[in-house]
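> So that you have it, the file is protein_11.txt, and it contains compact mmCIF, C-alpha atoms and all ligand atoms:
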```
# COMPACT_ATOMS: atom_id res chain seq x y z
CA MET A 105 -24.96 -95.41 -51.65
CA SER A 106 -22.52 -93.32 -49.62
CA THR A 107 -22.45 -93.60 -45.85
CA ALA A 108 -22.40 -90.83 -43.26
CA ALA A 109 -18.82 -91.81 -42.41
CA ALA A 110 -17.74 -90.96 -45.96
CA HIS A 111 -18.79 -87.34 -45.57
CA THR A 112 -17.25 -84.37 -43.83
CA HIS A 113 -17.65 -80.65 -43.39
CA PHE A 114 -16.59 -78.01 -45.83
CA GLY A 115 -17.52 -74.98 -43.78
CA GLU A 116 -21.26 -75.31 -43.14
CA ARG A 117 -21.74 -77.76 -46.01
CA THR A 118 -21.57 -81.53 -45.77
CA VAL A 119 -19.48 -82.86 -48.62
CA PRO A 120 -18.11 -86.28 -49.60
CA LEU A 121 -14.76 -86.83 -47.88
CA ASP A 122 -12.99 -87.18 -51.21
CA GLU A 123 -14.21 -83.78 -52.39
CA LYS A 124 -13.11 -81.68 -49.42
CA GLN A 125 -9.42 -81.44 -50.31
CA GLY A 126 -10.17 -80.06 -53.78
CA LEU A 127 -12.48 -77.42 -52.31
CA VAL A 128 -9.86 -76.44 -49.70
CA ASP A 129 -7.20 -76.26 -52.41
CA ASP A 130 -9.37 -73.83 -54.43
CA VAL A 131 -9.63 -71.56 -51.39
CA PHE A 132 -5.86 -71.34 -50.86
CA HIS A 133 -5.14 -71.14 -54.57
CA LYS A 134 -7.31 -68.01 -54.74
CA VAL A 135 -5.87 -66.30 -51.68
CA ALA A 136 -2.17 -67.37 -51.80
CA ASP A 137 -0.72 -64.08 -53.03
CA ARG A 138 -2.53 -61.98 -50.43
CA TYR A 139 -2.61 -64.60 -47.67
CA ASP A 140 0.04 -62.97 -45.46
CA LEU A 141 -1.53 -59.53 -45.69
CA MET A 142 -4.96 -60.97 -44.91
CA ASN A 143 -3.61 -62.77 -41.84
CA ASP A 144 -2.33 -59.48 -40.45
CA LEU A 145 -5.54 -57.62 -41.19
CA MET A 146 -7.92 -60.32 -39.94
CA SER A 147 -6.12 -60.99 -36.68
CA PHE A 148 -4.85 -57.42 -36.05
CA GLY A 149 -1.38 -58.92 -36.21
CA LEU A 150 -2.16 -61.39 -33.42
CA HIS A 151 -1.29 -64.42 -35.54
CA ARG A 152 2.34 -63.28 -35.25
CA VAL A 153 2.17 -63.38 -31.45
CA TRP A 154 0.47 -66.81 -31.49
CA LYS A 155 3.13 -68.20 -33.83
CA ASP A 156 5.89 -66.71 -31.64
CA ILE A 157 4.39 -68.50 -28.63
CA LEU A 158 4.15 -71.75 -30.60
CA VAL A 159 7.86 -71.61 -31.46
CA ALA A 160 8.78 -70.54 -27.91
CA LYS A 161 7.10 -73.77 -26.72
CA LEU A 162 9.04 -75.80 -29.27
CA ARG A 163 12.32 -74.24 -28.14
CA PRO A 164 14.60 -75.54 -30.89
CA PRO A 165 18.09 -75.97 -29.41
CA ARG A 166 20.74 -73.42 -30.36
CA HIS A 167 23.76 -75.71 -30.08
CA ARG A 168 22.54 -79.02 -31.45
CA PRO A 169 21.15 -80.14 -34.82
CA PHE A 170 17.36 -79.96 -34.94
CA ARG A 171 15.21 -81.29 -37.77
CA HIS A 172 11.82 -79.67 -37.89
CA LEU A 173 8.74 -80.33 -39.97
CA ASP A 174 6.02 -77.71 -40.41
CA VAL A 175 2.97 -79.24 -42.06
CA ALA A 176 0.35 -77.18 -43.90
CA GLY A 177 3.12 -74.64 -43.57
CA GLY A 178 1.85 -72.45 -46.41
CA THR A 179 3.98 -69.36 -46.84
CA GLY A 180 6.54 -70.41 -44.22
CA ASP A 181 5.68 -68.23 -41.22
CA VAL A 182 6.33 -70.94 -38.63
CA ALA A 183 9.40 -72.36 -40.37
CA PHE A 184 11.05 -68.92 -40.49
CA ARG A 185 10.51 -68.56 -36.77
CA VAL A 186 11.90 -72.04 -36.05
CA ALA A 187 15.00 -71.27 -38.13
CA ALA A 188 15.47 -67.96 -36.31
CA ALA A 189 15.02 -69.51 -32.86
CA GLY A 190 17.27 -72.53 -33.49
CA GLY A 191 21.00 -72.69 -34.10
CA GLU A 192 23.06 -72.98 -37.27
CA ALA A 193 22.26 -76.68 -37.50
CA THR A 194 18.49 -76.24 -37.45
CA ARG A 195 16.76 -77.40 -40.62
CA ALA A 196 13.07 -76.94 -41.37
CA THR A 197 10.92 -78.65 -43.96
CA VAL A 198 7.65 -77.01 -44.94
CA VAL A 199 5.08 -79.40 -46.37
CA ASP A 200 1.90 -78.10 -47.96
CA VAL A 201 -0.56 -79.60 -50.39
CA ASN A 202 -0.90 -76.32 -52.27
CA PRO A 203 1.89 -75.31 -54.69
CA ASP A 204 0.66 -71.70 -54.79
CA MET A 205 1.19 -71.25 -51.06
CA LEU A 206 4.60 -72.96 -51.31
CA ARG A 207 5.62 -70.68 -54.19
CA VAL A 208 4.96 -67.62 -52.02
CA GLY A 209 6.86 -69.24 -49.13
CA ALA A 210 9.86 -70.20 -51.27
CA ALA A 211 10.10 -66.63 -52.63
CA ARG A 212 10.05 -65.29 -49.07
CA ALA A 213 12.80 -67.76 -48.07
CA GLN A 214 14.96 -66.62 -50.96
CA LYS A 215 14.52 -62.98 -49.98
CA ARG A 216 15.53 -63.78 -46.42
CA ARG A 217 18.48 -65.89 -47.61
CA GLU A 218 17.04 -68.88 -45.78
CA GLY A 219 17.04 -71.13 -48.83
CA ALA A 220 19.70 -73.45 -47.39
CA ARG A 221 17.99 -74.10 -44.06
CA ILE A 222 14.35 -74.24 -45.14
CA ARG A 223 12.99 -76.46 -47.86
CA PHE A 224 9.48 -76.38 -49.33
CA LEU A 225 7.91 -79.67 -50.27
CA GLU A 226 4.56 -80.43 -51.84
CA GLY A 227 2.72 -83.11 -49.92
CA ASN A 228 -0.41 -84.09 -48.08
CA ALA A 229 -0.58 -84.11 -44.28
CA GLU A 230 -2.50 -87.38 -44.53
CA ALA A 231 0.32 -89.18 -46.37
CA LEU A 232 3.58 -87.33 -45.84
CA PRO A 233 6.25 -88.01 -48.48
CA LEU A 234 8.82 -88.42 -45.71
CA PRO A 235 10.52 -91.31 -43.90
CA ASP A 236 9.65 -92.65 -40.44
CA ALA A 237 11.28 -91.16 -37.33
CA ALA A 238 13.05 -88.38 -39.20
CA PHE A 239 12.10 -85.22 -37.24
CA ASP A 240 12.66 -83.76 -33.79
CA GLY A 241 9.68 -81.44 -34.01
CA TYR A 242 6.39 -81.25 -35.89
CA THR A 243 4.15 -78.18 -36.07
CA ILE A 244 0.87 -77.51 -37.82
CA ALA A 245 -0.57 -74.01 -37.54
CA PHE A 246 -4.09 -73.21 -38.68
CA GLY A 247 -3.78 -76.23 -40.94
CA ILE A 248 -5.32 -79.32 -39.42
CA ARG A 249 -8.92 -78.13 -39.61
CA ASN A 250 -8.52 -78.04 -43.39
CA VAL A 251 -7.40 -81.67 -43.57
CA PRO A 252 -10.30 -84.00 -44.43
CA ARG A 253 -9.11 -86.94 -42.30
CA MET A 254 -7.50 -85.35 -39.26
CA GLU A 255 -6.80 -88.70 -37.59
CA ARG A 256 -4.62 -89.70 -40.56
CA ALA A 257 -2.68 -86.45 -40.27
CA LEU A 258 -2.11 -87.13 -36.56
CA ALA A 259 -0.97 -90.69 -37.29
CA GLU A 260 1.45 -89.32 -39.87
CA ALA A 261 2.77 -86.76 -37.39
CA TYR A 262 3.47 -89.61 -34.98
CA ARG A 263 5.14 -91.72 -37.68
CA VAL A 264 7.60 -89.07 -38.88
CA LEU A 265 8.66 -87.91 -35.41
CA LYS A 266 11.65 -89.47 -33.66
CA ARG A 267 11.22 -90.87 -30.14
CA GLY A 268 11.40 -87.84 -27.86
CA GLY A 269 9.99 -85.64 -30.63
CA ARG A 270 7.31 -83.07 -30.00
CA PHE A 271 4.01 -82.42 -31.75
CA LEU A 272 2.53 -78.91 -31.56
CA CYS A 273 -0.65 -77.71 -33.19
CA LEU A 274 -1.89 -74.12 -33.23
CA GLU A 275 -5.56 -73.91 -34.11
CA PHE A 276 -8.66 -71.84 -33.50
CA SER A 277 -10.50 -72.89 -30.38
CA ARG A 278 -13.53 -71.95 -28.26
CA VAL A 279 -13.96 -68.69 -26.39
CA ASP A 280 -15.31 -69.43 -22.92
CA VAL A 281 -16.82 -66.07 -22.02
CA PRO A 282 -20.24 -65.80 -23.76
CA ILE A 283 -20.10 -62.04 -24.38
CA VAL A 284 -16.59 -62.26 -25.85
CA ASP A 285 -17.69 -65.25 -27.90
CA ALA A 286 -20.59 -63.24 -29.31
CA ILE A 287 -18.28 -60.35 -30.24
CA VAL A 288 -15.77 -62.68 -31.91
CA ALA A 289 -18.62 -64.46 -33.77
CA ALA A 290 -20.07 -61.18 -35.01
CA TYR A 291 -16.63 -60.04 -36.15
CA CYS A 292 -16.02 -63.34 -37.94
CA ASP A 293 -19.40 -63.34 -39.68
CA ALA A 294 -19.47 -59.74 -40.78
CA ALA A 295 -15.95 -58.43 -41.05
CA ILE A 296 -13.80 -61.33 -42.21
CA PRO A 297 -15.64 -62.24 -45.45
CA ALA A 298 -15.97 -58.51 -46.27
CA LEU A 299 -12.28 -57.94 -45.61
CA GLY A 300 -11.46 -61.06 -47.63
CA LYS A 301 -13.48 -59.78 -50.57
CA ALA A 302 -11.86 -56.34 -50.41
CA VAL A 303 -8.29 -57.65 -50.18
CA THR A 304 -8.32 -60.89 -52.16
CA GLY A 305 -11.45 -60.41 -54.24
CA ASP A 306 -12.85 -63.58 -52.70
CA GLY A 307 -15.43 -63.31 -49.93
CA PRO A 308 -16.60 -66.98 -50.05
CA ALA A 309 -13.04 -68.22 -49.44
CA TYR A 310 -13.01 -66.34 -46.17
CA ARG A 311 -16.54 -67.43 -45.30
CA TYR A 312 -15.21 -71.00 -45.55
CA LEU A 313 -12.38 -70.13 -43.16
CA VAL A 314 -14.83 -68.75 -40.61
CA GLU A 315 -17.17 -71.73 -40.91
CA SER A 316 -14.33 -74.23 -40.70
CA ILE A 317 -13.30 -72.68 -37.37
CA ARG A 318 -16.75 -73.50 -35.97
CA LYS A 319 -16.63 -77.09 -37.16
CA PHE A 320 -13.28 -77.80 -35.55
CA PRO A 321 -13.66 -79.97 -32.41
CA PRO A 322 -13.51 -78.32 -28.98
CA PRO A 323 -10.02 -78.45 -27.45
CA ASP A 324 -10.64 -81.31 -25.00
CA ARG A 325 -11.99 -83.46 -27.84
CA PHE A 326 -9.03 -82.60 -30.06
CA ALA A 327 -6.66 -83.41 -27.18
CA ASP A 328 -8.30 -86.87 -27.07
CA MET A 329 -7.57 -87.28 -30.77
CA VAL A 330 -3.92 -86.36 -30.17
CA ARG A 331 -3.80 -88.98 -27.40
CA GLU A 332 -5.53 -91.60 -29.57
CA ALA A 333 -2.83 -91.05 -32.22
CA GLY A 334 -0.30 -92.33 -29.65
CA PHE A 335 1.09 -89.11 -28.23
CA SER A 336 1.96 -88.90 -24.54
CA ARG A 337 1.29 -85.97 -22.23
CA ALA A 338 -1.32 -84.53 -24.59
CA GLU A 339 -2.40 -81.14 -23.32
CA PHE A 340 -3.42 -77.74 -24.59
CA THR A 341 -3.01 -74.09 -23.68
CA ARG A 342 -5.63 -71.52 -24.58
CA LEU A 343 -4.46 -68.13 -25.81
CA THR A 344 -6.31 -64.81 -26.14
CA GLY A 345 -9.28 -65.99 -24.10
CA GLY A 346 -9.60 -69.21 -26.08
CA VAL A 347 -9.65 -67.68 -29.56
CA VAL A 348 -6.83 -70.11 -30.32
CA ALA A 349 -5.18 -73.03 -28.51
CA ILE A 350 -1.82 -74.72 -28.76
CA HIS A 351 -2.02 -78.51 -28.48
CA SER A 352 1.05 -80.42 -27.47
CA GLY A 353 2.05 -84.08 -27.38
CA TRP A 354 5.25 -86.10 -27.19
CA LYS A 355 6.29 -89.25 -28.98
CA LEU A 356 7.88 -91.11 -26.09
C1 LIG Q 401 -4.72 -71.26 -43.04
S1 LIG Q 401 -3.33 -71.85 -43.96
C2 LIG Q 401 -2.07 -71.92 -42.74
C3 LIG Q 401 -0.70 -71.65 -43.29
C4 LIG Q 401 0.40 -71.48 -42.23
N1 LIG Q 401 0.56 -72.66 -41.42
C5 LIG Q 401 0.15 -70.28 -41.36
O1 LIG Q 401 -0.17 -70.48 -40.18
O2 LIG Q 401 0.27 -69.16 -41.85
C6 LIG Q 401 -3.75 -73.55 -44.19
C7 LIG Q 401 -2.80 -74.29 -45.08
O3 LIG Q 401 -3.13 -75.69 -45.04
C8 LIG Q 401 -2.83 -76.24 -46.30
N2 LIG Q 401 -3.48 -77.55 -46.40
C9 LIG Q 401 -4.80 -77.81 -46.52
N3 LIG Q 401 -5.02 -79.13 -46.57
C10 LIG Q 401 -3.79 -79.73 -46.48
C11 LIG Q 401 -3.35 -81.08 -46.48
N4 LIG Q 401 -4.21 -82.08 -46.57
N5 LIG Q 401 -2.04 -81.33 -46.38
C12 LIG Q 401 -1.13 -80.31 -46.28
N6 LIG Q 401 -1.49 -79.01 -46.30
C13 LIG Q 401 -2.80 -78.72 -46.39
C14 LIG Q 401 -3.34 -75.18 -47.25
O4 LIG Q 401 -2.84 -75.34 -48.55
C15 LIG Q 401 -2.86 -73.90 -46.55
O5 LIG Q 401 -1.58 -73.54 -47.00
```
Show how you would write the structure in this file as structure tokens.

Amino acid sequence: MSTAAAHTHFGERTVPLDEKQGLVDDVFHKVADRYDLMNDLMSFGLHRVWKDILVAKLRPPRHRPFRHLDVAGGTGDVAFRVAAAGGEATRATVVDVNPDMLRVGAARAQKRREGARIRFLEGNAEALPLPDAAFDGYTIAFGIRNVPRMERALAEAYRVLKRGGRFLCLEFSRVDVPIVDAIVAAYCDAAIPALGKAVTGDGPAYRYLVESIRKFPPPDRFADMVREAGFSRAEFTRLTGGVVAIHSGWKL
């Protein structure tokens, strides 16, 4: 008989832990080709601002080598920004479990002539195919809530960072003001699945995304998880009234 501990959330459903990844992969397989367009439409372009702020916090140096890892990096949005913000010697690795998302990202990198500085690698956040202490920075944007065992992903982030390396996570959070929360909730419930259906042909995929946002722990609880993974100075900054938050920690 399975135990409660062996189950997790897939949106509003409770599913066996081992099944969640396959369900998540189906979602991103279906939406990969229209993922970037959907991001712009759903967030009114705000995801670009949030990602800019994430990379501004990372501040890759312009005159020193910097090795960056962007996990659940999908179509490369964060990695492109890190490459642009850093110097010539900045290198970014995008890891994602879904080859369809990586294919879109690699095509974008080729178009931007960033093939030499950004590599795309298939891998799971819970068991990164990368050596210990290899990276100066680690980011995960709108990715960790999709990972079935978040604590494993955090432990892996800690393992692959060098001492002095920084962990940053951009994720949906909790809106504090009840009226704003109600408006955001109504928008998420009504508009996002409808928009998803119109643009990608898949409403349920976007219903999952909305539900998964609700299941993600509140920011103070997630900050505890970052701390429990070994990171120092774990803290978070809310953006856009708490629609999203950036979590930060250092491997010291
Ligand atoms: C909402 S997208 C975010 C993509 C990108 N970071 C961005 O902000 O545009 C979530 C990504 O997480 C990836 N993902 C889900 N589970 C994963 C896992 N266990 N390991 C690595 N990537 C995973 C999905 O394939 C998808 O590309």
> Using all atoms listed in the file, tabulate the residues of chain A lying at most 8 Å from any atom of ligand LIG 401 (chain Q), each with its closest atom pair and that distance in Å to one decimal, by chain and increasing residue number, as a tab-separated table.

```
residue	atom	partner	partner_atom	distance
A:Gln125	CA	Q:LIG401	N3	6.2
A:Val128	CA	Q:LIG401	C9	6.1
A:Asp129	CA	Q:LIG401	O4	5.9
A:Phe132	CA	Q:LIG401	O4	5.5
A:His133	CA	Q:LIG401	O4	7.7
A:Ala136	CA	Q:LIG401	O5	7.8
A:Tyr139	CA	Q:LIG401	O2	7.9
A:Asp140	CA	Q:LIG401	O2	7.2
A:Asn143	CA	Q:LIG401	O2	7.5
A:His151	CA	Q:LIG401	O1	7.7
A:Lys155	CA	Q:LIG401	O1	7.5
A:Asp174	CA	Q:LIG401	N1	7.5
A:Val175	CA	Q:LIG401	C12	6.0
A:Ala176	CA	Q:LIG401	N6	3.5
A:Gly177	CA	Q:LIG401	N1	3.9
A:Gly178	CA	Q:LIG401	O5	3.6
A:Thr179	CA	Q:LIG401	C4	6.2
A:Gly180	CA	Q:LIG401	C4	6.5
A:Asp181	CA	Q:LIG401	O2	5.5
A:Val182	CA	Q:LIG401	N1	6.6
A:Val199	CA	Q:LIG401	C12	6.3
A:Asp200	CA	Q:LIG401	N6	3.9
A:Val201	CA	Q:LIG401	C12	4.2
A:Asn202	CA	Q:LIG401	O4	4.3
A:Pro203	CA	Q:LIG401	O4	7.8
A:Met205	CA	Q:LIG401	O5	5.4
A:Leu206	CA	Q:LIG401	O5	7.6
A:Glu226	CA	Q:LIG401	C12	8.0
A:Gly227	CA	Q:LIG401	C12	6.0
A:Asn228	CA	Q:LIG401	N5	3.6
A:Ala229	CA	Q:LIG401	N5	3.8
A:Glu230	CA	Q:LIG401	N4	5.9
A:Ile244	CA	Q:LIG401	N1	6.0
A:Ala245	CA	Q:LIG401	N1	4.3
A:Phe246	CA	Q:LIG401	C2	4.7
A:Gly247	CA	Q:LIG401	O3	4.2
A:Ile248	CA	Q:LIG401	O3	7.0
A:Asn250	CA	Q:LIG401	N3	4.9
A:Val251	CA	Q:LIG401	N4	4.4
A:Pro252	CA	Q:LIG401	N4	6.7
A:Ala257	CA	Q:LIG401	N4	7.8
A:Leu313	CA	Q:LIG401	C1	7.7
```
> Tell me which of A:Pro322, A:Gly268, A:Pro165, A:Gly209 sits closest to Gly191 in chain A, counting only C-alpha atoms.
A:Pro165
> Looking at all atoms listed in the file, which of A:His113, A:Lys161, A:Arg212, A:Arg171 is the one that sits closest to Asp240 in chain A?
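Closest to Asp240 in chain A of all the choices is A:Arg171.
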> In terms of the shortest atom-to-atom distance over all atoms listed in the file, which of A:Leu173, A:Ile287, A:Leu232, A:Leu145 is closest to Arg270 in chain A?
A:Leu173
> Using only C-alpha atoms for the distances, tell me which of A:Arg207, A:Lys301, A:Lys215, A:Arg223 is nearest to His172 in chain A.
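Ranking A:Arg207, A:Lys301, A:Lys215, A:Arg223 by distance to His172 in chain A, first place goes to A:Arg223.
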> By how many Å are CA of Arg249 in chain A and CA of Glu275 in chain A apart?
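It comes out at 7.7 Å.
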> Could you tell me how far CA of Asp293 in chain A sits from CA of Arg311 in chain A, in Å to one decimal place?
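Between CA of Arg311 in chain A and CA of Asp293 in chain A the gap works out to 7.5 Å.
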> Go ahead and compute the interatomic distance for CA of Pro235 in chain A and CA of Ala189 in chain A, in Å to one decimal.
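CA of Ala189 in chain A lies at a distance of 24.8 Å from CA of Pro235 in chain A.
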> Excluding same-chain residues fewer than 2 positions from Ala349 in chain A, what lies within 10 Å of it counting only C-alpha atoms, as a ChimeraX atom specification?
/A:154,158,273-278,322-323,340-347,351-352
> Between A:Asp144, A:Arg263, A:Phe224, A:Val159, which has the minimum distance to Val303 in chain A (counting only C-alpha atoms)?
A:Asp144
> Identify which of the residues A:Val348, A:Ala210, A:Leu121, A:Ala220 lies closest to Asp280 in chain A, counting all atoms listed in the file when measuring atom-to-atom distances.
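Once distances to Asp280 in chain A are computed over all atoms listed in the file, the minimum belongs to A:Val348.
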> Please check which residues have atoms at most 9 Å from (11.2, -91.7, -41.0) in the file's coordinates, counting only C-alpha atoms, and write them as a VMD selection string.
chain A and resid 234 to 239 263 to 266
> Counting all atoms listed in the file, what is within 10 Å of Leu258 in chain A, bar same-chain residues fewer than 6 positions away, as a list in words?
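Listing them by chain and then by number gives Ala229, Glu230, Ile248, Phe271, Met329, Val330, Arg331, Glu332, Ala333, Gly334 and Phe335 of chain A.
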> I'd like the box whose edges run along x, y and z of the file and which contains every listed atom of range 256-261 of chain A, padded by 4 Å per side; could you state its centre and edge lengths in Å, one decimal, as AutoDock Vina command-line options?

```
--center_x -0.9 --center_y -88.6 --center_z -38.6 --size_x 15.4 --size_y 12.2 --size_z 12.0
```
> Counting all atoms listed in the file, what is within 7 Å of Ala183 in chain A, bar same-chain residues fewer than 4 positions away, as a list of chain:residue names?
A:Asp174, A:Ala187, A:Ala196, A:Val198
> Which residues are near Tyr312 in chain A? Cut-off 8 Å, all atoms listed in the file, ignore same chain within fewer than 5 positions. Put them as a list in words.
Phe114, Gly115 and Glu116 of chain A
